[in-house]
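The structure file entry_21.cif is reproduced below (mmCIF, C-alpha atoms).
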```cif
data_coords
#
loop_
_atom_site.group_PDB
_atom_site.id
_atom_site.type_symbol
_atom_site.label_atom_id
_atom_site.label_comp_id
_atom_site.auth_asym_id
_atom_site.auth_seq_id
_atom_site.Cartn_x
_atom_site.Cartn_y
_atom_site.Cartn_z
ATOM 1 C CA MET A 1248 3.191 21.435 -31.993
ATOM 2 C CA SER A 1249 4.580 22.200 -35.393
ATOM 3 C CA THR A 1250 2.492 22.722 -38.510
ATOM 4 C CA MET A 1251 4.581 19.967 -40.126
ATOM 5 C CA ALA A 1252 2.541 17.291 -38.409
ATOM 6 C CA ASN A 1253 -0.655 18.592 -39.978
ATOM 7 C CA ILE A 1254 0.340 18.528 -43.665
ATOM 8 C CA LYS A 1255 1.226 15.166 -45.150
ATOM 9 C CA LYS A 1256 2.089 13.689 -48.533
ATOM 10 C CA ASN A 1257 -0.903 13.513 -50.949
ATOM 11 C CA ASP A 1258 -2.809 16.282 -49.119
ATOM 12 C CA THR A 1259 -4.254 19.051 -51.279
ATOM 13 C CA VAL A 1260 -2.933 22.510 -50.442
ATOM 14 C CA ARG A 1261 -3.579 26.037 -51.732
ATOM 15 C CA VAL A 1262 -0.841 28.674 -52.064
ATOM 16 C CA ILE A 1263 -1.754 31.780 -50.065
ATOM 17 C CA THR A 1264 1.099 34.104 -51.011
ATOM 18 C CA GLY A 1265 3.807 34.571 -53.628
ATOM 19 C CA LYS A 1266 3.890 34.315 -57.402
ATOM 20 C CA ASP A 1267 1.638 31.237 -57.457
ATOM 21 C CA LYS A 1268 -0.999 32.668 -55.106
ATOM 22 C CA GLY A 1269 -4.361 30.956 -55.520
ATOM 23 C CA LYS A 1270 -3.018 27.792 -57.158
ATOM 24 C CA ALA A 1271 -3.799 24.435 -55.584
ATOM 25 C CA GLY A 1272 -2.074 21.093 -55.923
ATOM 26 C CA LYS A 1273 -1.188 17.792 -54.319
ATOM 27 C CA VAL A 1274 1.795 17.566 -51.952
ATOM 28 C CA LEU A 1275 4.466 15.384 -53.565
ATOM 29 C CA ARG A 1276 7.070 15.541 -50.772
ATOM 30 C CA VAL A 1277 7.368 16.990 -47.293
ATOM 31 C CA LEU A 1278 10.820 18.297 -46.355
ATOM 32 C CA ALA A 1279 10.438 18.277 -42.565
ATOM 33 C CA LYS A 1280 13.945 19.501 -41.772
ATOM 34 C CA ASP A 1281 13.526 22.659 -43.877
ATOM 35 C CA GLU A 1282 9.771 23.079 -43.150
ATOM 36 C CA LYS A 1283 9.007 23.043 -46.872
ATOM 37 C CA VAL A 1284 6.778 21.077 -49.217
ATOM 38 C CA ILE A 1285 6.954 20.273 -52.912
ATOM 39 C CA VAL A 1286 3.548 20.793 -54.532
ATOM 40 C CA GLU A 1287 2.496 19.495 -57.940
ATOM 41 C CA ASN A 1288 2.420 22.269 -60.625
ATOM 42 C CA VAL A 1289 3.336 25.009 -58.133
ATOM 43 C CA ASN A 1290 6.633 26.944 -57.974
ATOM 44 C CA VAL A 1291 7.858 25.323 -61.201
ATOM 45 C CA TYR A 1292 11.187 26.399 -62.688
ATOM 46 C CA LYS A 1293 13.030 25.499 -65.891
ATOM 47 C CA LYS A 1294 16.149 23.384 -65.415
ATOM 48 C CA HIS A 1295 18.796 22.943 -68.089
ATOM 49 C CA GLN A 1296 19.709 19.293 -67.822
ATOM 50 C CA LYS A 1297 22.816 17.533 -69.108
ATOM 51 C CA GLN A 1298 22.544 14.198 -70.807
ATOM 52 C CA GLY A 1299 23.174 11.218 -68.576
ATOM 53 C CA PRO A 1300 22.948 7.457 -68.809
ATOM 54 C CA ASN A 1301 19.249 7.463 -67.851
ATOM 55 C CA ARG A 1302 18.059 10.853 -69.139
ATOM 56 C CA GLU A 1303 18.089 13.047 -72.210
ATOM 57 C CA ALA A 1304 19.538 16.528 -72.452
ATOM 58 C CA GLY A 1305 17.197 19.487 -72.611
ATOM 59 C CA ILE A 1306 15.117 21.907 -70.615
ATOM 60 C CA VAL A 1307 12.805 20.296 -68.084
ATOM 61 C CA ASP A 1308 10.278 21.706 -65.624
ATOM 62 C CA LYS A 1309 11.143 21.109 -61.990
ATOM 63 C CA ALA A 1310 8.863 21.692 -58.989
ATOM 64 C CA MET A 1311 10.794 23.546 -56.309
ATOM 65 C CA PRO A 1312 10.053 23.550 -52.564
ATOM 66 C CA ILE A 1313 7.752 26.156 -51.070
ATOM 67 C CA HIS A 1314 7.732 27.117 -47.381
ATOM 68 C CA LEU A 1315 4.931 25.806 -45.195
ATOM 69 C CA SER A 1316 3.903 29.301 -44.159
ATOM 70 C CA ASN A 1317 2.986 30.006 -47.799
ATOM 71 C CA VAL A 1318 0.514 27.114 -48.166
ATOM 72 C CA GLN A 1319 -2.729 26.178 -46.470
ATOM 73 C CA ALA A 1320 -4.361 22.750 -46.445
ATOM 74 C CA VAL A 1321 -7.658 22.221 -48.271
ATOM 75 C CA CYS A 1322 -10.301 20.105 -46.524
ATOM 76 C CA PRO A 1323 -11.504 17.258 -48.781
ATOM 77 C CA LYS A 1324 -15.007 17.418 -47.247
ATOM 78 C CA CYS A 1325 -15.854 21.149 -47.343
ATOM 79 C CA SER A 1326 -13.266 22.191 -50.009
ATOM 80 C CA GLU A 1327 -12.226 25.193 -47.905
ATOM 81 C CA ALA A 1328 -8.634 26.270 -47.326
ATOM 82 C CA THR A 1329 -8.174 25.751 -43.601
ATOM 83 C CA SER A 1330 -5.760 24.460 -41.037
ATOM 84 C CA PHE A 1331 -5.989 20.977 -39.638
ATOM 85 C CA ARG A 1332 -5.947 20.318 -35.922
ATOM 86 C CA ARG A 1333 -5.371 17.095 -34.023
ATOM 87 C CA LYS A 1334 -7.577 15.446 -31.448
ATOM 88 C CA ALA A 1335 -7.549 12.157 -29.578
ATOM 89 C CA LEU A 1336 -10.455 9.759 -30.085
ATOM 90 C CA SER A 1337 -11.966 7.702 -27.273
ATOM 91 C CA ASP A 1338 -9.734 4.728 -28.181
ATOM 92 C CA GLY A 1339 -6.608 6.912 -27.816
ATOM 93 C CA LYS A 1340 -5.878 7.241 -31.545
ATOM 94 C CA ARG A 1341 -4.936 10.760 -32.695
ATOM 95 C CA VAL A 1342 -6.568 12.009 -35.899
ATOM 96 C CA ARG A 1343 -6.555 15.236 -37.902
ATOM 97 C CA PHE A 1344 -9.752 17.233 -38.255
ATOM 98 C CA CYS A 1345 -10.871 20.294 -40.226
ATOM 99 C CA ARG A 1346 -11.145 23.487 -38.205
ATOM 100 C CA LYS A 1347 -14.078 24.774 -40.248
ATOM 101 C CA CYS A 1348 -16.392 21.763 -40.706
ATOM 102 C CA GLY A 1349 -15.101 19.509 -37.900
ATOM 103 C CA GLU A 1350 -14.809 16.387 -40.102
ATOM 104 C CA THR A 1351 -11.953 13.955 -39.471
ATOM 105 C CA ILE A 1352 -9.445 13.767 -42.312
ATOM 106 C CA GLU A 1353 -7.833 10.347 -41.971
#
```
Go through the file and emit its structure as structure tokens.
Amino acid sequence: MSTMANIKKNDTVRVITGKDKGKAGKVLRVLAKDEKVIVENVNVYKKHQKQGPNREAGIVDKAMPIHLSNVQAVCPKCSEATSFRRKALSDGKRVRFCRKCGETIE
């Protein structure tokens, strides 16, 4: 099973390596094909933007993708950076759970 299935949009993640190490943010997009995520206020670069019909010219901040191996999910219950696992409930539904505290995430 891939780690992709365990991190979803709107999850909170913490960066564990790189220039933004220690920062946390909400996942804005998951790029499954490239195994990358775009995290709010993490890995932000300046982009020089031309004027267009719907936008002004200038320098804007743009959040760039970061590889999944460089982020770790944060459990909303125990606030620890951990990895999520999956388990099947008695009714057959599969849910994510925290490895450290054991609480279900969904």
Task: Selected residue, from A:Ile1254, A:Cys1322, A:Val1342, A:Ala1335, that lies nearest to A:Ala1279 when counting only C-alpha atoms - done: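 Counting only C-alpha atoms, the residue closest to A:Ala1279 is A:Ile1254.
With the shown file loaded, the PyMOL selection byres ((chain A and resi 1324-1331) around 6) picks out Asn1253, Gln1319, Ala1320, Val1321, Cys1322, Pro1323, Arg1332, Phe1344, Cys1345 and Arg1346 of chain A.
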Open item on the list: When you count only C-alpha atoms, which of these residues is closest to A:Asp1258: A:Lys1297, A:Arg1276, A:Lys1309, A:Lys1270?
Closed with: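 Of all the options, A:Arg1276 lies closest to A:Asp1258.
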Open item on the list: Would you compute the distance between atom CA of A:Lys1347 and atom CA of A:Arg1333? Give it in Å to one decimal.
Closed with: 13.2 Å
Open item on the list: Could you tell me, as a list in words, exactly which residues end up selected when the PyMOL selection byres ((chain A and resi 1312-1315) around 7) is applied to this structure?
Closed with: Glu1282, Lys1283, Val1284, Ile1285, Ala1310, Met1311, Ser1316, Asn1317 and Val1318 of chain A
TODO: Around the point (-1.8, 21.1, -52.6) in the file's coordinates, collect all residues with an atom within 7 Å, using only C-alpha atoms, and return them as a ChimeraX atom specification.
DONE: /A:1258-1261,1271-1274,1286,1320
Open item on the list: Quick check, in Å to one decimal: how far apart do atom CA of A:Ile1306 and atom CA of A:Val1289 lie?
Closed with: 17.4 Å
Mind giving me the axis-aligned box for stretch 1288-1299 of chain A with 8 Å on every side, centre plus edges in Å to one decimal, as AutoDock Vina command-line options?
```
--center_x 12.8 --center_y 19.1 --center_z -64.4 --size_x 36.8 --size_y 31.7 --size_z 28.8
```
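Going from atom CA of A:Gly1269 to atom CA of A:Asp1281 covers 22.9 Å.
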For A:Ala1304: contacts at 12 Å, all atoms listed in the file, fewer than 5 positions along chain excluded, given as a PDB file with C-alpha atoms, in the coordinates of the input:
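The resulting file, out-v5.pdb, is shown below:
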```
ATOM      1  CA  LYS A1294      16.149  23.384 -65.415  1.00  0.00           C
ATOM      2  CA  HIS A1295      18.796  22.943 -68.089  1.00  0.00           C
ATOM      3  CA  GLN A1296      19.709  19.293 -67.822  1.00  0.00           C
ATOM      4  CA  LYS A1297      22.816  17.533 -69.108  1.00  0.00           C
ATOM      5  CA  GLN A1298      22.544  14.198 -70.807  1.00  0.00           C
ATOM      6  CA  GLY A1299      23.174  11.218 -68.576  1.00  0.00           C
TER       7      GLY A1299
END
```
TODO: Counting only C-alpha atoms, figure out which residue out of A:Gly1339, A:Pro1300, A:Lys1255, A:Lys1334 gets nearest to A:Thr1351.
DONE: A:Lys1334
